$ cat entry_18.cif   # mmCIF, C-alpha atoms
data_run
loop_
_atom_site.label_atom_id
_atom_site.label_comp_id
_atom_site.auth_asym_id
_atom_site.auth_seq_id
_atom_site.Cartn_x
_atom_site.Cartn_y
_atom_site.Cartn_z
CA MET B 1 104.34 140.80 12.91
CA LEU B 2 106.75 138.24 14.30
CA LYS B 3 108.73 136.13 11.91
CA LYS B 4 108.37 132.34 11.94
CA THR B 5 111.70 131.90 13.72
CA HIS B 6 110.44 134.02 16.61
CA TYR B 7 107.73 131.48 17.33
CA LEU B 8 110.48 128.91 17.85
CA ILE B 9 113.01 131.08 19.68
CA PHE B 10 110.62 132.59 22.21
CA PRO B 11 109.38 129.36 23.88
CA LEU B 12 112.89 127.92 23.68
CA ALA B 13 114.23 130.95 25.50
CA LEU B 14 111.59 130.58 28.19
CA ALA B 15 112.50 126.91 28.65
CA LEU B 16 116.19 127.76 28.98
CA ILE B 17 115.42 130.42 31.55
CA ALA B 18 113.21 128.02 33.50
CA GLY B 19 115.82 125.26 33.53
CA TRP B 20 118.70 127.59 34.35
CA VAL B 21 117.06 129.48 37.15
CA GLY B 22 114.92 126.59 38.40
CA ARG B 23 118.00 124.58 39.26
CA GLY B 24 119.24 127.32 41.48
CA LEU B 25 122.61 127.50 39.79
CA ALA B 26 123.37 131.00 41.00
CA GLU B 27 121.39 133.82 42.56
CA SER B 28 117.70 133.71 43.44
CA ALA B 29 115.13 134.87 40.89
CA SER B 30 114.59 138.18 42.68
CA GLN B 31 118.33 138.93 42.69
CA GLN B 32 118.42 138.44 38.94
CA GLY B 33 115.63 140.91 38.36
CA ILE B 34 113.16 138.32 37.09
CA PRO B 35 109.58 139.58 37.52
CA ASP B 36 107.05 137.76 39.69
CA TYR B 37 104.94 136.58 36.76
CA MET B 38 107.90 134.41 35.70
CA SER B 39 107.77 132.43 38.99
CA VAL B 40 105.65 129.67 37.49
CA PHE B 41 108.49 128.98 35.06
CA VAL B 42 111.56 129.36 37.24
CA GLY B 43 110.32 128.23 40.67
CA ASP B 44 112.61 128.56 43.63
CA GLU B 45 114.36 125.22 43.83
CA LYS B 46 117.55 124.81 45.77
CA GLN B 47 120.69 123.64 44.08
CA GLU B 48 121.10 119.84 44.05
CA THR B 49 124.06 118.42 45.86
CA SER B 50 126.78 116.71 43.87
CA LYS B 51 125.62 113.40 45.34
CA GLN B 52 122.07 113.99 44.08
CA VAL B 53 123.31 114.95 40.63
CA ALA B 54 125.56 111.89 40.43
CA THR B 55 122.80 109.57 41.64
CA ASN B 56 120.33 110.97 39.11
CA ASN B 57 122.88 110.49 36.34
CA VAL B 58 123.10 106.81 37.24
CA LEU B 59 119.33 106.41 37.60
CA ALA B 60 118.88 107.92 34.14
CA LEU B 61 120.46 104.76 32.73
CA ASP B 62 117.48 102.70 33.87
CA ILE B 63 115.05 105.14 32.25
CA ALA B 64 117.04 105.04 29.01
CA MET B 65 117.07 101.23 29.11
CA PHE B 66 113.30 101.02 28.79
CA GLY B 67 113.30 102.97 25.55
CA ILE B 68 115.99 100.74 24.08
CA TYR B 69 114.21 97.63 25.41
CA ASP B 70 110.88 98.60 23.82
CA GLU B 71 112.54 99.23 20.47
CA ALA B 72 114.26 95.85 20.63
CA LEU B 73 110.95 94.15 21.43
CA THR B 74 109.47 95.47 18.20
CA THR B 75 112.20 93.69 16.26
CA THR B 76 111.88 90.57 18.40
CA GLN B 77 108.13 90.38 17.82
CA LYS B 78 108.55 90.72 14.06
CA ASN B 79 111.14 87.93 13.98
CA PHE B 80 109.24 85.69 16.39
CA MET B 81 105.93 85.94 14.56
CA ALA B 82 107.70 85.16 11.28
CA GLN B 83 108.91 81.85 12.73
CA HIS B 84 106.22 80.60 15.13
CA PRO B 85 102.45 80.08 14.98
CA VAL B 86 100.66 81.37 18.08
CA ILE B 87 97.28 80.31 19.50
CA MET B 88 95.83 82.93 21.79
CA ALA B 89 92.87 82.13 24.05
CA LEU B 90 91.27 85.22 25.54
CA PHE B 91 88.61 85.42 28.22
CA SER B 92 85.33 87.03 27.12
CA ASN B 93 81.78 87.19 28.40
CA GLN B 94 80.77 85.11 25.40
CA GLY B 95 82.85 82.09 26.42
CA GLY B 96 86.22 83.16 25.07
CA ARG B 97 88.01 84.15 21.87
CA LEU B 98 90.59 82.00 20.10
CA LEU B 99 93.00 83.53 17.60
CA LEU B 100 95.57 81.76 15.43
CA TYR B 101 98.57 83.72 14.19
CA ARG B 102 100.51 82.05 11.38
CA PRO B 103 103.74 83.27 9.78
CA GLY B 104 103.00 85.11 6.55
CA LYS B 105 99.24 84.47 6.69
CA PRO B 106 96.18 86.37 7.90
CA THR B 107 95.13 85.92 11.51
CA LEU B 108 92.32 83.41 12.01
CA GLU B 109 89.62 83.94 14.63
CA ALA B 110 87.60 80.87 15.57
CA PRO B 111 83.80 80.90 15.57
CA PRO B 112 82.38 81.88 18.96
CA VAL B 113 80.95 79.47 21.51
CA PRO B 114 77.28 78.69 20.69
CA VAL B 115 75.01 81.35 22.17
CA GLU B 116 73.28 78.69 24.29
CA TYR B 117 76.31 78.93 26.58
CA GLN B 118 75.47 82.59 27.18
CA VAL B 119 71.85 81.73 27.95
CA TYR B 120 72.86 79.48 30.84
CA LYS B 121 75.42 81.99 32.05
CA SER B 122 72.94 84.86 31.89
CA VAL B 123 70.22 83.02 33.80
CA GLY B 124 72.80 81.96 36.38
CA HIS B 125 73.97 85.55 36.75
CA SER B 126 70.38 86.67 37.31
CA ALA B 127 70.41 84.81 40.62
CA LEU B 128 73.79 86.33 41.49
CA ALA B 129 72.37 89.80 40.78
CA ILE B 130 69.51 89.20 43.21
CA PHE B 131 71.93 88.06 45.90
CA GLU B 132 74.16 91.10 45.34
CA LEU B 133 71.20 93.49 45.45
CA THR B 134 69.58 92.07 48.56
CA GLY B 135 72.83 91.27 50.33
CA SER B 136 74.24 94.77 49.91
CA HIS B 137 71.04 96.32 51.38
CA VAL B 138 70.20 93.79 54.08
CA ALA B 139 71.53 96.00 56.88
CA THR B 140 69.59 99.05 55.63
CA VAL B 141 66.51 97.34 54.24
CA ALA B 142 64.18 99.78 56.01
CA ASP B 143 65.23 102.72 53.83
CA HIS B 144 63.67 101.00 50.76
CA SER B 145 66.51 102.17 48.48
CA TRP B 146 66.61 98.63 47.07
CA MET B 147 63.00 98.62 45.90
CA GLY B 148 63.49 100.64 42.70
CA PRO B 149 66.36 98.53 41.36
CA MET B 150 64.54 95.34 42.37
CA ALA B 151 61.34 96.37 40.60
CA ALA B 152 63.34 97.10 37.43
CA PHE B 153 65.15 93.77 37.62
CA ARG B 154 61.91 91.95 38.30
CA ALA B 155 60.54 93.39 35.06
CA ALA B 156 63.63 92.17 33.17
CA ASN B 157 63.15 88.68 34.59
CA GLN B 158 59.47 88.71 33.60
CA THR B 159 60.38 89.73 30.06
CA ALA B 160 62.95 86.92 29.82
CA LEU B 161 60.43 84.41 31.17
CA GLY B 162 57.81 85.55 28.70
CA THR B 163 60.07 84.81 25.73
CA ILE B 164 62.04 81.84 27.06
CA ASP B 165 60.18 79.37 24.81
CA ALA B 166 61.81 80.98 21.74
CA ALA B 167 65.31 81.21 23.24
CA ASP B 168 68.23 79.22 21.79
CA ILE B 169 68.07 76.17 24.09
CA SER B 170 68.57 72.68 22.69
CA SER B 171 66.66 70.57 25.21
CA ALA B 172 63.16 70.78 26.69
CA ASP B 173 64.54 69.72 30.09
CA TRP B 174 67.21 72.38 29.94
CA ARG B 175 64.62 75.00 28.96
CA GLN B 176 62.47 74.03 31.96
CA ASN B 177 65.52 74.51 34.18
CA GLU B 178 65.74 78.14 33.05
CA VAL B 179 62.02 78.61 33.57
CA ASP B 180 62.38 77.32 37.13
CA VAL B 181 65.17 79.80 37.91
CA LEU B 182 63.32 82.78 36.47
CA LYS B 183 60.08 81.87 38.28
CA ALA B 184 61.99 81.52 41.56
CA ASN B 185 63.61 84.91 40.96
CA ILE B 186 60.25 86.58 40.36
CA ALA B 187 58.57 84.88 43.31
CA PHE B 188 61.32 85.96 45.70
CA MET B 189 61.34 89.55 44.45
CA ASP B 190 57.53 89.72 44.60
CA GLN B 191 57.70 88.60 48.22
CA CYS B 192 60.28 91.26 49.08
CA LEU B 193 58.46 94.04 47.23
CA SER B 194 55.02 93.23 48.63
CA LYS B 195 56.29 93.09 52.21
CA GLY B 196 58.63 96.04 51.76
CA THR B 197 61.29 94.12 53.63
CA TYR B 198 63.31 90.91 53.79
CA THR B 199 65.81 89.20 56.07
CA PHE B 200 69.07 87.39 55.58
CA ALA B 201 67.19 84.16 56.29
CA ASP B 202 64.94 84.99 53.31
CA ILE B 203 68.02 85.39 51.09
CA GLN B 204 69.41 82.07 52.28
CA LYS B 205 66.12 80.28 51.59
CA TYR B 206 66.00 81.73 48.07
CA ALA B 207 69.62 80.73 47.43
CA GLN B 208 68.97 77.12 48.46
CA THR B 209 65.91 77.02 46.21
CA VAL B 210 67.81 77.97 43.06
CA LYS B 211 71.06 76.15 43.89
CA PRO B 212 70.33 72.83 42.06
CA TRP B 213 69.16 74.65 38.94
CA LEU B 214 72.27 76.84 38.95
CA GLN B 215 74.46 73.74 39.24
CA ASN B 216 72.78 72.42 36.10
CA ASN B 217 73.53 75.66 34.26
CA ILE B 218 77.17 75.54 35.31
CA HIS B 219 77.49 71.96 34.07
CA TRP B 220 75.77 72.59 30.73
CA GLY B 221 77.61 75.84 30.09
CA ALA B 222 81.00 74.30 30.79
CA THR B 223 80.24 71.31 28.56
CA ILE B 224 79.22 73.49 25.62
CA GLN B 225 82.27 75.73 26.05
CA VAL B 226 84.81 72.93 26.36
CA GLU B 227 83.46 70.83 23.50
CA HIS B 228 83.48 73.85 21.21
CA TRP B 229 87.04 74.96 21.96
CA MET B 230 88.52 71.47 21.99
CA LYS B 231 87.24 70.93 18.46
CA VAL B 232 88.69 74.28 17.37
CA VAL B 233 92.14 73.50 18.77
CA LYS B 234 92.03 69.94 17.38
CA ASP B 235 91.28 71.28 13.89
CA TRP B 236 94.01 73.92 14.13
CA LYS B 237 96.58 71.39 15.30
CA GLU B 238 95.78 69.16 12.34
CA MET B 239 95.96 72.14 9.98
CA LEU B 240 99.37 73.24 11.30
CA GLY B 241 100.82 69.74 10.93
CA PRO B 242 104.57 69.65 11.67
CA ASP B 243 104.52 73.36 12.57
CA TRP B 244 102.63 72.41 15.74
CA ASP B 245 105.92 71.55 17.45
CA LYS B 246 107.01 75.18 17.25
CA THR B 247 103.58 76.65 18.03
CA TYR B 248 103.11 78.75 21.17
CA GLY B 249 99.90 78.93 23.19
CA LEU B 250 98.80 81.50 25.74
CA SER B 251 95.74 82.43 27.74
CA ASN B 252 94.90 85.13 30.27
CA THR B 253 93.29 85.03 33.68
CA LEU B 254 92.50 86.95 36.82
CA TYR B 255 93.39 85.35 40.15
CA VAL B 256 89.81 84.19 40.75
CA ALA B 257 89.75 82.27 37.44
CA ARG B 258 93.29 80.89 37.63
CA GLN B 259 92.52 77.55 39.25
CA ASN B 260 91.03 75.09 36.72
CA ASN B 261 91.06 77.78 34.04
CA VAL B 262 88.87 76.39 31.24
CA LEU B 263 90.62 77.95 28.22
CA PHE B 264 94.15 77.24 29.43
CA SER B 265 93.27 73.69 30.46
CA THR B 266 91.76 73.10 27.02
CA LEU B 267 94.96 74.24 25.31
CA ALA B 268 96.99 72.03 27.64
CA GLN B 269 95.21 68.89 26.39
CA PHE B 270 96.79 69.41 22.97
CA PHE B 271 100.11 71.03 23.88
CA GLY B 272 100.95 68.39 26.49
CA LYS B 273 103.18 68.37 29.54
CA GLU B 274 106.48 69.16 27.82
CA ALA B 275 105.12 72.43 26.45
CA MET B 276 103.93 73.62 29.85
CA ASN B 277 105.68 76.90 30.78
CA ASP B 278 107.86 76.45 27.70
CA ARG B 279 105.53 77.09 24.77
CA LEU B 280 102.28 77.22 26.74
CA PHE B 281 101.61 80.12 29.12
CA LEU B 282 98.93 81.32 31.51
CA PHE B 283 99.43 85.06 31.98
CA GLU B 284 97.69 86.93 34.79
CA THR B 285 96.16 90.19 33.62
CA PRO B 286 94.69 93.09 35.63
CA GLN B 287 91.25 92.60 34.04
CA PHE B 288 89.19 89.67 32.82
CA VAL B 289 89.11 91.07 29.30
CA THR B 290 92.35 92.14 27.64
CA THR B 291 93.46 92.82 24.06
CA PRO B 292 95.44 90.60 21.69
CA ASP B 293 98.16 93.25 21.44
CA GLN B 294 98.63 93.31 25.21
CA MET B 295 98.88 89.54 25.31
CA LEU B 296 101.38 89.42 22.45
CA ASN B 297 103.46 92.03 24.26
CA VAL B 298 103.66 89.83 27.37
CA LEU B 299 104.56 86.76 25.28
CA ILE B 300 107.29 88.56 23.35
CA ARG B 301 108.76 90.02 26.55
CA THR B 302 108.92 86.54 28.05
CA VAL B 303 110.59 84.98 25.04
CA SER B 304 112.95 87.93 24.56
CA ASP B 305 114.09 87.85 28.19
CA ARG B 306 114.93 84.17 27.84
CA ALA B 307 117.59 85.08 25.32
CA VAL B 308 119.05 87.52 27.85
CA GLY B 309 119.07 84.83 30.54
CA MET B 310 120.88 82.42 28.27
CA ALA B 311 123.43 84.89 26.90
CA VAL B 312 124.29 86.53 30.21
CA PHE B 313 123.73 83.83 32.84
CA GLY B 314 123.79 80.61 30.83
CA ASN B 315 120.20 79.50 31.52
CA TYR B 316 117.37 79.88 29.02
CA TYR B 317 114.55 79.87 31.60
CA LEU B 318 116.16 81.97 34.33
CA MET B 319 114.31 85.15 33.37
CA ASP B 320 110.92 83.43 33.70
CA TYR B 321 111.47 83.96 37.44
CA GLU B 322 112.03 87.02 39.58
CA LEU B 323 115.72 87.62 38.86
CA MET B 324 116.48 88.67 42.43
CA GLY B 325 114.21 85.98 43.85
CA GLY B 326 116.97 83.56 44.80
CA ASP B 327 118.96 86.13 46.69
CA GLY B 328 115.69 87.50 48.02
CA ARG B 329 115.02 84.08 49.57
CA LYS B 330 118.41 84.17 51.28
CA ALA B 331 117.73 87.66 52.59
CA ILE B 332 114.28 86.63 53.87
CA GLU B 333 115.73 83.59 55.64
CA ALA B 334 118.43 85.72 57.26
CA THR B 335 115.92 88.38 58.32
CA ASP B 336 113.53 85.72 59.65
CA LYS B 337 116.37 84.44 61.82
CA LYS B 338 117.11 87.94 63.07
CA TYR B 339 113.45 88.54 63.92
CA GLY B 340 112.96 85.07 65.40
CA ILE B 341 110.12 84.07 63.06
CA PRO B 342 109.78 80.80 61.10
CA VAL B 343 110.74 80.74 57.44
CA PHE B 344 107.67 80.39 55.21
CA LEU B 345 108.71 80.01 51.58
CA PRO B 346 107.80 77.65 48.73
CA PRO B 347 110.32 74.94 47.89
CA LEU B 348 113.03 75.71 45.39
CA VAL B 349 112.12 74.37 41.95
CA PRO B 350 114.18 74.28 38.76
CA PHE B 351 113.91 77.23 36.40
CA ARG B 352 112.70 74.75 33.78
CA SER B 353 109.46 73.35 35.21
CA THR B 354 106.53 71.64 33.48
CA GLU B 355 104.32 71.98 36.57
CA TRP B 356 100.84 73.39 36.12
CA PRO B 357 100.84 77.14 36.81
CA PHE B 358 98.37 76.83 39.68
CA ARG B 359 97.68 74.67 42.76
CA ILE B 360 98.29 70.99 42.11
CA ASP B 361 99.18 69.52 45.52
CA PRO B 362 95.98 68.38 47.33
CA SER B 363 97.94 67.72 50.53
CA GLN B 364 98.32 71.48 50.99
CA GLY B 365 94.60 72.11 51.43
CA GLU B 366 91.43 70.65 52.85
CA GLY B 367 87.73 70.56 52.06
CA PRO B 368 85.77 70.19 48.81
CA ALA B 369 87.31 70.67 45.38
CA LEU B 370 84.11 70.41 43.29
CA ILE B 371 80.68 71.99 43.68
CA GLU B 372 79.03 68.61 44.16
CA GLN B 373 81.40 67.89 47.07
CA ILE B 374 80.09 70.85 49.04
CA LYS B 375 77.80 69.72 51.85
#
$ encode --input "entry_18.cif" --output "structure tokens"
Amino acid sequence: MLKKTHYLIFPLALALIAGWVGRGLAESASQQGIPDYMSVFVGDEKQETSKQVATNNVLALDIAMFGIYDEALTTTQKNFMAQHPVIMALFSNQGGRLLLYRPGKPTLEAPPVPVEYQVYKSVGHSALAIFELTGSHVATVADHSWMGPMAAFRAANQTALGTIDAADISSADWRQNEVDVLKANIAFMDQCLSKGTYTFADIQKYAQTVKPWLQNNIHWGATIQVEHWMKVVKDWKEMLGPDWDKTYGLSNTLYVARQNNVLFSTLAQFFGKEAMNDRLFLFETPQFVTTPDQMLNVLIRTVSDRAVGMAVFGNYYLMDYELMGGDGRKAIEATDKKYGIPVFLPPLVPFRSTEWPFRIDPSQGEGPALIEQIK
């Protein structure tokens, strides 16, 4: 029976053999009498050149930096959260989540948006689902692969319609609006299923039928959401008192929800212009829904890098921008000249900017900016 130390020495020996032979430091594996079954360990790599070795030694510094950086961020986050309250507004299918972090106190989570908001959103999405289903099959409608999913969704709409009178809706007029959408959904699907076919013109006609009711849902849902969150932030600001001036705010978004972002715009009403991009941030995330820990990580990285910018380069906000961006602009301009193409770059702006973090110059676009402006 092997002793305990053998369990440690044996795999270590294999690793040493693999590293030694795998780097091709001397003779090939066959010349050293290493059996074939050891080939998966040792490989048959050629010896690196001195230039490759030297380059890899330098590149290893960047890899090592990330470990040191992450460890430093842990300390930074602990210190930061001990000094600053943080209001975090997260996207969710329920109309958002708002969290308040306070130094030395438990995290507060605000009550959710009233469920009526979700009712309007859900009914609105029912029309979107019908468009997605029919639109994605319109070129292959004859194969009838859409009929099963449509029949199932028609049943779901009928169930919702049958119980709509008991749903959480505050106004009789608003309830009738939902009834109208659901009835239009069912009528359109019945038409498609009974005929066994439909055309793009049929989809367009259905879309125009439900459009005014969907606009109502959008208006009511937005009103409920905004009124709820503005009261939450107002109450939290009053509760924090003088600590508000050192409070940070952040929200997340995907590209498609960046312009006129409801949660971020709500926070901005209370933080004001001077806090924009200083203590108030809109962070783009790879998904609509993200976690509080991920958001805190982005915030702490931003604040931590500002200290680096100030200590090394003498500007507190420098690291909020692509560090090589300025020289990148110069390189782009020079390369544009070489290729004979016009320079197309945004104007230079100061590192410290209180500009909204999305499109704000109407002269750079054309056409409607609100649903009711669409003709």
$ resolve_selection --input "entry_18.cif" --expression "the PyMOL selection byres ((chain B and resi 281-296) around 6)" --output "short mmCIF file (atom, residue, chain, number, x, y, z; two decimals) with C-alpha atoms, in the coordinates of the input"
data_model
loop_
_atom_site.label_atom_id
_atom_site.label_comp_id
_atom_site.auth_asym_id
_atom_site.auth_seq_id
_atom_site.Cartn_x
_atom_site.Cartn_y
_atom_site.Cartn_z
CA PHE B 91 88.61 85.42 28.22
CA SER B 92 85.33 87.03 27.12
CA LEU B 250 98.80 81.50 25.74
CA SER B 251 95.74 82.43 27.74
CA ASN B 252 94.90 85.13 30.27
CA THR B 253 93.29 85.03 33.68
CA LEU B 254 92.50 86.95 36.82
CA ASN B 277 105.68 76.90 30.78
CA LEU B 280 102.28 77.22 26.74
CA ASN B 297 103.46 92.03 24.26
CA VAL B 298 103.66 89.83 27.37
CA LEU B 299 104.56 86.76 25.28
#
$ resolve_selection --input "entry_18.cif" --expression "the PyMOL selection byres ((chain B and resi 162-177) around 9)" --output "PyMOL selection string"
chain B and resi 115-116+119-120+157-161+178-182+213-214+216-217+220
$ resolve_selection --input "entry_18.cif" --expression "the PyMOL selection byres ((chain B and resi 143-151) around 8)" --output "ChimeraX atom specification"
/B:130,133-134,137,140-142,152-155,189,193,196-197
$ atom_distance --input "entry_18.cif" --atom1 "CA of Lys375 in chain B" --atom2 "CA of Ala207 in chain B"
14.4 Å
$ atom_distance --input "entry_18.cif" --atom1 "CA of His219 in chain B" --atom2 "CA of Asp361 in chain B"
24.6 Å
$ axis_aligned_box --input "entry_18.cif" --around "range 187-192 of chain B" --padding-each-side "8 Å" --output "lines of an AutoDock Vina configuration file"
center_x = 59.4
center_y = 88.1
center_z = 46.2
size_x = 19.8
size_y = 22.4
size_z = 21.8
$ closest_residue --input "entry_18.cif" --among "B:Tyr316, B:Tyr255, B:Tyr101, B:Phe188" --to "Met81 in chain B" --atoms "all atoms listed in the file"
B:Tyr101
$ closest_residue --input "entry_18.cif" --among "B:Tyr248, B:Arg306, B:Ile341, B:Leu240" --to "Gly272 in chain B" --atoms "all atoms listed in the file"
B:Tyr248
$ decode --input "entry_18.cif" --residues "range 335-346 of chain B" --atoms "N, CA and C atoms" --output "tab-separated table (two decimals), in the first residue's frame"
chain	number	residue	atom	x	y	z
B	335	THR	N	-4.69	58.01	-40.10
B	335	THR	CA	-4.98	56.91	-41.01
B	335	THR	C	-6.05	57.29	-42.02
B	336	ASP	N	-7.06	58.08	-41.57
B	336	ASP	CA	-8.06	58.59	-42.50
B	336	ASP	C	-7.39	59.38	-43.62
B	337	LYS	N	-6.44	60.21	-43.24
B	337	LYS	CA	-5.73	61.03	-44.23
B	337	LYS	C	-4.98	60.15	-45.22
B	338	LYS	N	-4.35	59.10	-44.69
B	338	LYS	CA	-3.59	58.19	-45.54
B	338	LYS	C	-4.50	57.45	-46.52
B	339	TYR	N	-5.70	57.09	-46.04
B	339	TYR	CA	-6.64	56.35	-46.88
B	339	TYR	C	-7.52	57.25	-47.72
B	340	GLY	N	-7.47	58.56	-47.48
B	340	GLY	CA	-8.27	59.50	-48.24
B	340	GLY	C	-9.75	59.44	-47.91
B	341	ILE	N	-10.09	59.17	-46.64
B	341	ILE	CA	-11.49	59.14	-46.23
B	341	ILE	C	-11.73	60.23	-45.20
B	342	PRO	N	-12.97	60.76	-45.11
B	342	PRO	CA	-13.24	61.85	-44.18
B	342	PRO	C	-13.20	61.37	-42.73
B	343	VAL	N	-12.78	62.24	-41.86
B	343	VAL	CA	-12.75	61.93	-40.42
B	343	VAL	C	-14.17	61.98	-39.87
B	344	PHE	N	-14.59	60.94	-39.18
B	344	PHE	CA	-15.92	60.90	-38.58
B	344	PHE	C	-15.77	60.50	-37.11
B	345	LEU	N	-15.68	61.50	-36.27
B	345	LEU	CA	-15.47	61.30	-34.84
B	345	LEU	C	-16.35	62.27	-34.05
B	346	PRO	N	-16.74	61.92	-32.85
B	346	PRO	CA	-17.49	62.87	-32.02
B	346	PRO	C	-16.57	64.00	-31.58
